[in-house]
file protein_8.cif (mmCIF, C-alpha atoms)
data_structure
#
loop_
_atom_site.label_atom_id
_atom_site.label_comp_id
_atom_site.auth_asym_id
_atom_site.auth_seq_id
_atom_site.Cartn_x
_atom_site.Cartn_y
_atom_site.Cartn_z
CA MET A 18 75.73 72.45 89.66
CA HIS A 19 78.30 69.65 89.80
CA ARG A 20 79.37 70.69 86.30
CA ILE A 21 80.18 74.17 87.61
CA GLN A 22 82.15 72.65 90.50
CA GLU A 23 84.13 70.56 88.02
CA LEU A 24 84.86 73.52 85.72
CA ALA A 25 85.86 75.76 88.64
CA ALA A 26 88.25 73.11 89.95
CA GLY A 27 89.71 72.90 86.45
CA ILE A 28 90.29 76.66 86.40
CA ILE A 29 92.17 76.48 89.71
CA ALA A 30 94.29 73.72 88.16
CA ARG A 31 95.17 75.92 85.17
CA VAL A 32 96.12 78.80 87.48
CA GLU A 33 98.32 76.51 89.58
CA GLU A 34 100.05 75.54 86.33
CA GLY A 35 100.88 79.20 85.74
CA ARG A 36 98.08 80.48 83.52
CA THR A 37 96.22 83.64 84.41
CA LEU A 38 92.68 83.45 85.75
CA THR A 39 91.45 85.58 82.85
CA GLU A 40 92.96 83.16 80.33
CA ALA A 41 91.77 80.01 82.12
CA LEU A 42 88.22 81.30 82.61
CA GLY A 43 88.04 82.63 79.05
CA ASN A 44 89.13 79.29 77.58
CA ILE A 45 86.44 77.45 79.55
CA GLN A 46 83.72 79.93 78.61
CA ARG A 47 84.63 79.68 74.93
CA SER A 48 84.80 75.88 74.87
CA GLU A 49 81.75 75.06 77.02
CA THR A 50 78.09 75.74 76.29
CA LEU A 51 76.88 77.56 79.39
CA THR A 52 73.71 79.44 80.24
CA PRO A 53 74.11 83.05 81.46
CA GLY A 54 73.39 81.80 84.98
CA GLU A 55 76.05 79.10 84.73
CA ARG A 56 78.58 81.59 83.38
CA GLY A 57 77.91 83.91 86.30
CA ALA A 58 78.14 81.08 88.85
CA LEU A 59 81.39 79.81 87.36
CA GLN A 60 82.96 83.26 87.42
CA ASP A 61 81.87 83.82 91.03
CA ILE A 62 83.25 80.48 92.22
CA ALA A 63 86.51 80.77 90.26
CA TYR A 64 87.25 84.32 91.41
CA GLY A 65 85.97 83.68 94.92
CA SER A 66 88.01 80.52 95.41
CA LEU A 67 91.21 82.31 94.40
CA ARG A 68 90.34 85.43 96.36
CA ASN A 69 89.93 83.30 99.50
CA LEU A 70 92.52 80.62 98.72
CA GLY A 71 94.56 81.23 101.88
CA GLN A 72 91.57 80.54 104.09
CA LEU A 73 90.43 77.54 102.02
CA ARG A 74 93.87 75.92 102.06
CA PHE A 75 94.22 76.44 105.81
CA ILE A 76 90.87 74.80 106.52
CA LEU A 77 91.54 71.92 104.13
CA ARG A 78 94.86 71.18 105.87
CA ALA A 79 93.12 71.33 109.25
CA LEU A 80 90.71 68.68 108.00
CA VAL A 81 93.24 66.65 105.98
CA PRO A 82 96.73 67.31 107.41
CA LYS A 83 98.66 65.76 104.49
CA PRO A 84 98.18 66.73 100.83
CA LEU A 85 96.09 64.18 98.98
CA PRO A 86 97.77 62.04 96.31
CA ALA A 87 95.11 63.20 93.84
CA VAL A 88 95.47 66.96 93.39
CA ASP A 89 92.24 67.15 91.40
CA VAL A 90 90.37 65.96 94.50
CA GLU A 91 92.10 68.67 96.55
CA ARG A 92 90.92 71.31 94.10
CA LEU A 93 87.39 69.93 94.20
CA LEU A 94 87.43 70.20 98.00
CA LEU A 95 88.68 73.80 97.83
CA VAL A 96 85.81 74.74 95.50
CA ALA A 97 83.25 72.97 97.69
CA LEU A 98 84.60 74.68 100.82
CA TYR A 99 84.31 78.04 99.09
CA GLN A 100 80.66 77.30 98.29
CA LEU A 101 79.94 76.21 101.86
CA ILE A 102 81.59 79.29 103.39
CA HIS A 103 80.94 82.11 100.95
CA THR A 104 77.80 81.31 98.93
CA ARG A 105 74.16 80.68 99.63
CA ALA A 106 74.20 77.26 97.99
CA ALA A 107 72.41 74.61 100.04
CA PRO A 108 75.07 72.68 102.01
CA TYR A 109 73.51 69.28 101.27
CA ALA A 110 73.56 70.05 97.54
CA VAL A 111 77.21 71.17 97.60
CA VAL A 112 78.28 68.02 99.44
CA ASP A 113 76.19 65.72 97.24
CA GLN A 114 77.56 67.28 94.05
CA ALA A 115 81.15 67.04 95.25
CA VAL A 116 80.72 63.39 96.20
CA THR A 117 79.18 62.65 92.80
CA LEU A 118 82.14 64.29 91.07
CA ALA A 119 84.60 62.38 93.26
CA GLN A 120 83.32 59.13 91.75
CA ASP A 121 85.12 60.07 88.53
CA LEU A 122 88.35 61.19 90.22
CA ALA A 123 91.16 58.94 91.51
CA ALA A 124 89.13 55.93 90.34
CA GLY A 125 86.50 56.80 92.95
CA ARG A 126 88.82 55.80 95.82
CA LEU A 127 88.44 59.14 97.61
CA LYS A 128 84.67 59.47 97.32
CA GLY A 129 84.18 58.59 100.98
CA LEU A 130 86.94 60.98 102.03
CA VAL A 131 85.31 63.87 100.17
CA ASN A 132 82.02 63.14 101.88
CA GLY A 133 83.66 62.87 105.30
CA VAL A 134 85.78 66.00 104.95
CA LEU A 135 82.88 68.23 103.92
CA ARG A 136 80.53 66.89 106.58
CA ASN A 137 83.27 67.29 109.18
CA PHE A 138 83.66 70.90 108.09
CA LEU A 139 79.94 71.55 108.49
CA ARG A 140 80.00 70.08 112.01
CA ASN A 141 83.01 72.19 113.06
CA LYS A 142 82.53 75.23 110.82
CA ASP A 143 82.62 77.94 113.50
CA GLN A 144 85.79 76.62 115.16
CA LEU A 145 87.61 76.13 111.85
CA LEU A 146 86.76 79.64 110.70
CA ALA A 147 87.94 81.05 114.04
CA ASP A 148 91.22 79.13 113.78
CA ALA A 149 91.75 80.51 110.27
CA GLN A 150 91.45 84.06 111.61
CA ALA A 151 94.50 83.43 113.81
CA ASP A 152 96.73 82.63 110.80
CA ASN A 153 97.90 85.62 108.72
CA GLU A 154 97.89 83.84 105.36
CA ALA A 155 94.39 82.48 105.98
CA ARG A 156 93.04 85.68 107.49
CA TYR A 157 94.33 88.07 104.83
CA ASN A 158 94.24 85.61 101.91
CA HIS A 159 97.67 86.54 100.60
CA PRO A 160 100.82 84.40 100.65
CA ARG A 161 102.70 84.69 103.93
CA TRP A 162 105.70 86.35 102.27
CA TRP A 163 103.38 88.90 100.62
CA VAL A 164 101.80 89.77 103.97
CA GLN A 165 105.26 90.29 105.47
CA LYS A 166 106.34 92.42 102.51
CA VAL A 167 103.32 94.73 102.72
CA ARG A 168 103.65 94.95 106.51
CA ALA A 169 107.30 96.02 106.20
CA ALA A 170 106.46 98.66 103.58
CA TYR A 171 103.36 100.04 105.33
CA PRO A 172 103.67 99.32 109.07
CA THR A 173 100.61 101.39 110.03
CA ARG A 174 98.38 100.56 107.04
CA TRP A 175 99.19 96.99 106.05
CA THR A 176 95.99 95.39 107.37
CA ASP A 177 93.80 97.93 105.58
CA ILE A 178 95.73 97.43 102.32
CA LEU A 179 95.38 93.64 102.45
CA GLU A 180 91.71 93.76 103.39
CA LYS A 181 90.85 96.20 100.60
CA SER A 182 92.85 94.07 98.17
CA ASN A 183 90.42 91.21 98.87
CA ARG A 184 87.19 93.12 98.35
CA HIS A 185 85.17 93.12 95.16
CA PRO A 186 86.45 96.00 93.01
CA PRO A 187 84.15 98.82 91.92
CA MET A 188 83.09 99.19 88.30
CA THR A 189 84.17 102.67 87.28
CA LEU A 190 83.59 104.52 84.03
CA ARG A 191 85.59 107.18 82.24
CA ILE A 192 83.35 109.73 80.54
CA ASN A 193 84.61 110.87 77.16
CA ARG A 194 84.91 114.60 77.76
CA ARG A 195 84.27 115.19 74.06
CA HIS A 196 80.73 113.93 74.71
CA GLY A 197 79.75 115.10 78.18
CA THR A 198 80.47 115.14 81.91
CA ALA A 199 80.19 112.75 84.84
CA ALA A 200 77.24 114.67 86.29
CA ALA A 201 75.30 114.43 83.03
CA TYR A 202 76.05 110.73 82.64
CA VAL A 203 74.94 109.99 86.22
CA GLU A 204 71.58 111.53 85.32
CA THR A 205 71.41 109.33 82.21
CA LEU A 206 72.14 106.24 84.28
CA GLN A 207 69.57 107.16 86.92
CA ALA A 208 66.95 107.62 84.21
CA SER A 209 67.65 104.04 83.09
CA GLY A 210 67.35 102.75 86.66
CA ARG A 211 71.05 102.46 87.55
CA GLY A 212 72.59 104.01 90.62
CA ALA A 213 75.96 105.75 90.34
CA LYS A 214 78.04 108.60 91.73
CA ALA A 215 80.49 110.98 90.11
CA LEU A 216 84.17 110.81 91.01
CA GLY A 217 85.42 114.16 89.81
CA ASP A 218 84.29 115.76 86.56
CA TYR A 219 84.72 112.81 84.20
CA ALA A 220 84.56 109.58 86.23
CA VAL A 221 81.53 107.64 87.46
CA LYS A 222 81.40 104.73 89.91
CA LEU A 223 78.44 102.37 89.47
CA ASP A 224 76.53 101.16 92.49
CA ALA A 225 76.55 97.68 90.95
CA PRO A 226 78.51 96.17 88.03
CA CYS A 227 76.73 95.53 84.74
CA ASN A 228 77.37 94.32 81.22
CA VAL A 229 79.13 97.06 79.23
CA ARG A 230 76.60 96.58 76.43
CA ASP A 231 73.93 97.86 78.81
CA LEU A 232 75.73 101.18 79.35
CA PRO A 233 74.08 104.08 77.48
CA GLY A 234 76.39 105.33 74.75
CA PHE A 235 79.08 102.69 75.24
CA ALA A 236 79.01 101.47 71.63
CA GLU A 237 79.21 105.08 70.42
CA GLY A 238 82.31 105.85 72.51
CA ARG A 239 80.61 108.08 75.04
CA VAL A 240 81.97 106.09 77.96
CA SER A 241 84.69 103.51 78.74
CA VAL A 242 85.35 101.18 81.66
CA GLN A 243 88.51 102.25 83.51
CA ASP A 244 89.48 102.28 87.17
CA PHE A 245 89.56 105.77 88.70
CA GLY A 246 93.20 105.28 89.72
CA ALA A 247 94.16 104.25 86.18
CA GLN A 248 92.46 107.38 84.86
CA GLN A 249 95.02 109.51 86.70
CA ALA A 250 97.80 108.48 84.30
CA ALA A 251 96.61 110.44 81.27
CA LEU A 252 95.61 113.39 83.43
CA ARG A 253 99.06 113.63 85.04
CA LEU A 254 100.89 113.56 81.71
CA GLU A 255 99.52 117.05 80.91
CA VAL A 256 99.07 116.66 77.15
CA ALA A 257 98.05 119.53 74.87
CA ASP A 258 96.99 119.92 71.23
CA GLY A 259 99.73 119.27 68.69
CA MET A 260 102.01 117.29 70.99
CA ARG A 261 103.84 114.19 69.85
CA VAL A 262 103.07 111.52 72.49
CA LEU A 263 104.20 107.93 73.10
CA ASP A 264 102.19 105.35 75.04
CA ALA A 265 105.00 102.83 75.47
CA CYS A 266 103.00 99.84 76.80
CA ALA A 267 99.59 100.60 75.40
CA ALA A 268 97.48 97.43 75.56
CA PRO A 269 94.58 97.13 76.13
CA GLY A 270 94.24 100.80 75.19
CA GLY A 271 92.45 102.51 78.06
CA LYS A 272 95.17 105.09 78.61
CA SER A 273 95.69 105.63 74.87
CA GLY A 274 92.01 106.38 74.43
CA HIS A 275 92.02 108.74 77.39
CA LEU A 276 95.02 110.68 76.07
CA LEU A 277 93.30 111.16 72.72
CA GLU A 278 90.11 112.31 74.44
CA LEU A 279 92.08 114.96 76.34
CA ALA A 280 93.74 116.66 73.36
CA ASP A 281 94.35 116.49 69.61
CA ILE A 282 97.76 114.81 69.77
CA GLN A 283 99.94 112.68 67.51
CA LEU A 284 99.90 109.44 69.49
CA THR A 285 102.09 106.41 68.96
CA ALA A 286 100.68 103.41 70.83
CA LEU A 287 103.29 100.70 71.30
CA ASP A 288 103.00 97.19 72.69
CA ILE A 289 105.27 94.17 72.47
CA ASP A 290 102.31 91.81 72.00
CA ALA A 291 100.70 92.10 68.55
CA THR A 292 97.59 90.23 69.69
CA ARG A 293 97.07 92.58 72.63
CA LEU A 294 97.64 95.52 70.29
CA GLU A 295 94.49 94.46 68.44
CA ARG A 296 92.55 95.35 71.60
CA VAL A 297 94.00 98.86 71.40
CA ALA A 298 92.78 99.18 67.81
CA GLU A 299 89.31 97.95 68.78
CA ASN A 300 89.05 100.39 71.68
CA LEU A 301 90.20 103.35 69.61
CA ALA A 302 87.80 102.43 66.80
CA ARG A 303 84.88 102.43 69.25
CA LEU A 304 85.97 105.87 70.48
CA GLN A 305 86.36 107.04 66.86
CA LEU A 306 89.94 108.09 67.58
CA THR A 307 93.16 107.32 65.72
CA ALA A 308 96.79 106.64 66.61
CA THR A 309 99.87 105.06 65.07
CA LEU A 310 100.01 101.49 66.39
CA ALA A 311 103.21 99.46 66.47
CA ALA A 312 104.01 96.00 67.82
CA ALA A 313 107.51 96.47 69.22
CA ASP A 314 109.65 96.33 72.36
CA ALA A 315 109.69 99.73 74.06
CA ALA A 316 113.09 98.89 75.56
CA LYS A 317 114.60 98.55 72.06
CA PRO A 318 113.77 101.85 70.29
CA ASP A 319 116.33 101.24 67.52
CA SER A 320 113.82 98.80 66.02
CA TRP A 321 110.89 101.23 65.81
CA TRP A 322 111.73 104.88 66.67
CA ASP A 323 111.96 107.34 63.75
CA GLY A 324 114.36 109.66 65.57
CA VAL A 325 111.85 112.48 66.20
CA PRO A 326 111.65 113.27 69.95
CA PHE A 327 108.39 112.96 71.86
CA ASP A 328 106.92 115.80 73.92
CA ARG A 329 105.31 113.33 76.34
CA ILE A 330 105.95 109.66 77.13
CA LEU A 331 103.75 107.38 79.20
CA ALA A 332 105.91 104.55 80.55
CA ASP A 333 103.39 102.15 82.09
CA VAL A 334 106.08 99.58 82.84
CA PRO A 335 105.67 95.82 83.48
CA CYS A 336 105.21 95.22 87.19
CA SER A 337 103.95 92.79 89.83
CA ALA A 338 100.37 94.17 89.51
CA SER A 339 100.23 94.05 93.30
CA GLY A 340 97.90 97.06 93.30
CA VAL A 341 95.17 95.32 91.28
CA VAL A 342 94.94 91.88 92.92
CA ARG A 343 91.30 92.39 93.84
CA ARG A 344 90.56 92.38 90.08
CA ASN A 345 93.04 89.57 89.42
CA PRO A 346 93.20 87.40 92.57
CA ASP A 347 95.37 84.82 90.81
CA ILE A 348 98.28 87.29 90.77
CA LYS A 349 99.04 86.99 94.48
CA TRP A 350 99.32 83.19 94.18
CA LEU A 351 101.30 83.22 90.91
CA ARG A 352 103.91 85.75 92.04
CA ARG A 353 107.12 84.65 93.77
CA PRO A 354 109.45 86.76 95.97
CA GLU A 355 112.24 86.41 93.41
CA ASP A 356 110.07 87.96 90.67
CA PHE A 357 110.73 91.48 91.93
CA ALA A 358 114.43 91.50 91.04
CA ALA A 359 113.69 90.54 87.42
CA LEU A 360 110.83 93.02 87.19
CA GLY A 361 113.08 95.75 88.59
CA GLN A 362 115.65 95.11 85.88
CA GLN A 363 112.93 95.29 83.21
CA GLN A 364 111.57 98.54 84.62
CA ALA A 365 114.98 100.21 84.77
CA ALA A 366 115.95 99.04 81.29
CA MET A 367 112.72 100.30 79.75
CA VAL A 368 112.71 103.76 81.31
CA ASP A 369 116.42 104.19 80.54
CA ALA A 370 115.76 103.28 76.90
CA LEU A 371 112.82 105.69 76.63
CA TRP A 372 114.47 108.69 78.29
CA PRO A 373 116.65 109.64 75.25
CA LEU A 374 113.47 109.71 73.13
CA LEU A 375 112.04 112.59 75.19
CA ALA A 376 112.46 116.15 73.93
CA ARG A 377 114.13 118.76 76.14
CA GLY A 378 111.49 120.24 78.38
CA GLY A 379 109.31 117.18 77.75
CA LYS A 380 107.74 114.98 80.42
CA LEU A 381 107.75 111.25 81.06
CA LEU A 382 105.29 109.59 83.42
CA TYR A 383 106.65 106.50 85.14
CA ALA A 384 103.60 104.40 86.06
CA THR A 385 102.93 101.04 87.69
CA CYS A 386 99.90 99.25 89.10
CA SER A 387 102.04 98.17 92.06
CA ILE A 388 102.14 99.02 95.75
CA MET A 389 105.66 97.65 96.30
CA PRO A 390 108.37 100.28 96.99
CA GLU A 391 111.10 98.46 95.04
CA GLU A 392 109.01 98.92 91.88
CA ASN A 393 108.10 102.50 92.66
CA GLN A 394 109.96 104.90 94.96
CA GLN A 395 113.17 102.88 94.85
CA GLN A 396 113.07 102.76 91.04
CA LEU A 397 112.49 106.51 90.93
CA ASP A 398 115.40 107.24 93.28
CA ALA A 399 117.73 105.05 91.22
CA PHE A 400 116.61 106.65 87.95
CA LEU A 401 117.28 110.15 89.24
CA GLN A 402 120.76 109.02 90.29
CA ARG A 403 121.45 107.72 86.77
CA HIS A 404 120.01 110.72 84.93
CA PRO A 405 121.13 114.14 86.18
CA ASP A 406 119.07 115.83 83.44
CA ALA A 407 115.84 114.51 85.02
CA ARG A 408 113.78 116.61 87.43
CA LEU A 409 110.97 115.17 89.51
CA ALA A 410 107.78 117.17 88.95
CA GLY A 411 105.71 115.08 91.36
CA SER A 412 105.00 111.54 92.52
CA GLU A 413 102.26 109.70 94.39
CA GLN A 414 101.54 106.20 95.65
CA LEU A 415 97.83 105.38 95.42
CA LEU A 416 96.79 102.51 97.69
CA PRO A 417 93.67 100.36 97.12
CA SER A 418 90.55 102.16 98.36
CA ALA A 419 86.79 102.12 97.93
CA ASP A 420 87.20 104.27 94.81
CA HIS A 421 90.34 102.99 93.09
CA ASP A 422 93.02 100.30 92.84
CA GLY A 423 96.68 100.70 93.75
CA PHE A 424 98.94 102.70 91.39
CA TYR A 425 102.19 104.64 91.45
CA TYR A 426 102.95 107.72 89.37
CA ALA A 427 106.13 109.76 89.03
CA LEU A 428 106.26 112.66 86.55
CA LEU A 429 109.77 113.41 85.29
CA GLU A 430 110.76 116.50 83.32
CA LYS A 431 113.81 116.67 81.05
CA ALA A 432 115.99 119.69 81.75
#
call {"tool": "encode", "arguments": {"input": "protein_8.cif", "output": "structure tokens"}}
result
Amino acid sequence: MHRIQELAAGIIARVEEGRTLTEALGNIQRSETLTPGERGALQDIAYGSLRNLGQLRFILRALVPKPLPAVDVERLLLVALYQLIHTRAAPYAVVDQAVTLAQDLAAGRLKGLVNGVLRNFLRNKDQLLADAQADNEARYNHPRWWVQKVRAAYPTRWTDILEKSNRHPPMTLRINRRHGTAAAYVETLQASGRGAKALGDYAVKLDAPCNVRDLPGFAEGRVSVQDFGAQQAALRLEVADGMRVLDACAAPGGKSGHLLELADIQLTALDIDATRLERVAENLARLQLTATLAAADAAKPDSWWDGVPFDRILADVPCSASGVVRRNPDIKWLRRPEDFAALGQQQAAMVDALWPLLARGGKLLYATCSIMPEENQQQLDAFLQRHPDARLAGSEQLLPSADHDGFYYALLEKA
């Protein structure tokens, strides 16, 4: 178990250096030989520590008021505190393993401190947890500025938004309508011993997550993993047979696949990252669907557009990803308040560059996985001011819920 503690602390270190949790965890899992049980434990501790980092940091500072000179020891203590608070691991084992690891950190000078801090926590656990509840960053496990930002945007719903953003996300499937319905697939799952419920005609939420390889028909393209909120993008674009369609930021390909399932269209799937575009190709191959793939910058159409207008454009623009932090808990700790101005400029530049590519009477869907108004409603208002030939056909802010993550959609029609 001490090996898992060590690896989890290393993942937190990589995230603090600016890497994503997905990247840091993936690198560890590829480089280390782990049993399935160890892989599961590492993922739980890494995700859980970052999901609850506000609480863990608060408690650590209550126990050790000044930051330790050895940051690797601090990270070890955060991981151990997570185990003591949020897992069923035996407390004596967690403490013993952390102390053993501390022998190899900071030349072993802080071994006694690690032992003392963790035992002090166990003696005063109830009071420390109660104190954490009185601090907004510790209670809601989001940076203080983030809590204030959400509270200002949603004065009557902010606590619910933050709490739902910390829960484990559901595993939701998109049923390929060329191969069946949600109701039929629920029956298939139940026959194999898995509980699930239909969300609409072509979406299914599993009672418990599972390996995608265990899903009936996954390899054959009968079903894909996609959040129910994300599934709304393709549906709102209103594609029909024969249309020329652009997915401007396509990776990893979930929305591209969905669009091709909905109608026989000519799809161009674009992404600036050639490596990520490979994921799009893999997903479409599994679905036995085809599109024109191009690694290019959507904001610079002169480098890739052939001059033929598109009937539909999906502009899933770069954003803060503030609506999907329960799937990516590192995001809330990696973001900075000043990021939003730069993201806003990117969003405006991209949608302005794509608008001339849309045919008259065509529709563009502006989409983000954000809950922040400056990336959503404020961007929409500014766009409509800049483009008098744009008409708003509908918009909606989806907030994190039991059934879906947070997304924003605005459908624009060209006069």
call {"tool": "closest_residue", "arguments": {"input": "protein_8.cif", "among": "A:Val341, A:Ala251, A:Leu381, A:Val112", "to": "Leu279 in chain A", "atoms": "all atoms listed in the file"}}
result
A:Ala251
call {"tool": "resolve_selection", "arguments": {"input": "protein_8.cif", "expression": "the PyMOL selection byres ((chain A and resi 206) around 12)", "output": "list in words"}}
result
Leu190, Ala199, Ala200, Ala201, Tyr202, Val203, Glu204, Thr205, Gln207, Ala208, Ser209, Gly210, Arg211, Gly212, Ala213, Lys214, Ala215, Val221, Lys222, Leu223, Asp224, Ala225, Cys227, Asp231, Leu232, Pro233, Gly234, Phe235 and Val240 of chain A
call {"tool": "atom_distance", "arguments": {"input": "protein_8.cif", "atom1": "CA of Trp350 in chain A", "atom2": "CA of Ala170 in chain A"}}
result
19.5 Å
call {"tool": "resolve_selection", "arguments": {"input": "protein_8.cif", "expression": "the PyMOL selection byres ((chain A and resi 311) around 8)", "output": "PyMOL selection string"}}
result
chain A and resi 285-288+294+309-310+312-313+321
call {"tool": "closest_residue", "arguments": {"input": "protein_8.cif", "among": "A:Gln22, A:Thr50, A:Gln100, A:Thr176", "to": "Gly65 in chain A", "atoms": "all atoms listed in the file"}}
result
A:Gln100
call {"tool": "residues_around", "arguments": {"input": "protein_8.cif", "residues": "Arg261 in chain A", "least_positions_apart": "5", "cutoff": "9 Å", "atoms": "all atoms listed in the file", "output": "PDB file with C-alpha atoms, in the coordinates of the input"}}
result
ATOM      1  CA  ILE A 282      97.760 114.810  69.770  1.00  0.00           C
ATOM      2  CA  GLN A 283      99.940 112.680  67.510  1.00  0.00           C
ATOM      3  CA  LEU A 284      99.900 109.440  69.490  1.00  0.00           C
ATOM      4  CA  THR A 285     102.090 106.410  68.960  1.00  0.00           C
ATOM      5  CA  VAL A 325     111.850 112.480  66.200  1.00  0.00           C
ATOM      6  CA  PRO A 326     111.650 113.270  69.950  1.00  0.00           C
ATOM      7  CA  PHE A 327     108.390 112.960  71.860  1.00  0.00           C
ATOM      8  CA  ASP A 328     106.920 115.800  73.920  1.00  0.00           C
ATOM      9  CA  ARG A 329     105.310 113.330  76.340  1.00  0.00           C
ATOM     10  CA  ILE A 330     105.950 109.660  77.130  1.00  0.00           C
TER      11      ILE A 330
END
call {"tool": "resolve_selection", "arguments": {"input": "protein_8.cif", "expression": "the PyMOL selection byres ((chain A and resi 80) around 10)", "output": "PyMOL selection string"}}
result
chain A and resi 74-79+81-83+133-135+137-138+141+145
call {"tool": "residues_around", "arguments": {"input": "protein_8.cif", "residues": "Ala427 in chain A", "least_positions_apart": "6", "cutoff": "7 Å", "atoms": "all atoms listed in the file", "output": "MDAnalysis selection string"}}
result
chainID A and resid 382:384 411:413
call {"tool": "residues_around", "arguments": {"input": "protein_8.cif", "residues": "Ala247 in chain A", "least_positions_apart": "4", "cutoff": "9 Å", "atoms": "only C-alpha atoms", "output": "list of chain:residue names"}}
result
A:Gln243, A:Ala251, A:Gly271, A:Lys272, A:Cys386, A:His421, A:Asp422, A:Gly423, A:Phe424
call {"tool": "build_atoms", "arguments": {"input": "protein_8.cif", "residues": "range 42-55 of chain A", "atoms": "N, CA, C and O atoms", "output": "short mmCIF file (atom, residue, chain, number, x, y, z; two decimals), in the frame of the given file"}}
result
data_model
loop_
_atom_site.label_atom_id
_atom_site.label_comp_id
_atom_site.auth_asym_id
_atom_site.auth_seq_id
_atom_site.Cartn_x
_atom_site.Cartn_y
_atom_site.Cartn_z
N LEU A 42 89.67 81.15 82.62
CA LEU A 42 88.22 81.30 82.61
C LEU A 42 87.72 81.54 81.19
O LEU A 42 86.71 80.96 80.77
N GLY A 43 88.44 82.35 80.43
CA GLY A 43 88.04 82.63 79.05
C GLY A 43 88.04 81.38 78.19
O GLY A 43 87.13 81.17 77.39
N ASN A 44 89.05 80.53 78.35
CA ASN A 44 89.13 79.29 77.58
C ASN A 44 87.93 78.38 77.88
O ASN A 44 87.35 77.78 76.97
N ILE A 45 87.58 78.29 79.16
CA ILE A 45 86.44 77.45 79.55
C ILE A 45 85.15 78.00 78.97
O ILE A 45 84.31 77.28 78.41
N GLN A 46 84.97 79.32 79.08
CA GLN A 46 83.72 79.93 78.61
C GLN A 46 83.57 79.83 77.10
O GLN A 46 82.46 79.77 76.59
N ARG A 47 84.69 79.81 76.39
CA ARG A 47 84.63 79.68 74.93
C ARG A 47 84.39 78.23 74.50
O ARG A 47 83.76 77.99 73.47
N SER A 48 84.88 77.28 75.28
CA SER A 48 84.80 75.88 74.87
C SER A 48 83.56 75.16 75.39
O SER A 48 83.17 74.13 74.85
N GLU A 49 82.91 75.70 76.43
CA GLU A 49 81.75 75.06 77.02
C GLU A 49 80.47 75.83 76.67
O GLU A 49 80.48 77.06 76.57
N THR A 50 79.39 75.10 76.51
CA THR A 50 78.09 75.74 76.29
C THR A 50 77.44 75.96 77.65
O THR A 50 77.03 75.01 78.32
N LEU A 51 77.39 77.22 78.06
CA LEU A 51 76.88 77.56 79.39
C LEU A 51 75.74 78.56 79.27
O LEU A 51 75.76 79.45 78.41
N THR A 52 74.77 78.44 80.15
CA THR A 52 73.71 79.44 80.24
C THR A 52 74.28 80.69 80.90
O THR A 52 75.33 80.62 81.57
N PRO A 53 73.64 81.85 80.76
CA PRO A 53 74.11 83.05 81.46
C PRO A 53 74.25 82.82 82.96
O PRO A 53 75.21 83.30 83.58
N GLY A 54 73.31 82.08 83.55
CA GLY A 54 73.39 81.80 84.98
C GLY A 54 74.58 80.95 85.33
O GLY A 54 75.25 81.18 86.35
N GLU A 55 74.89 79.96 84.49
CA GLU A 55 76.05 79.10 84.73
C GLU A 55 77.35 79.88 84.57
O GLU A 55 78.29 79.69 85.34
#
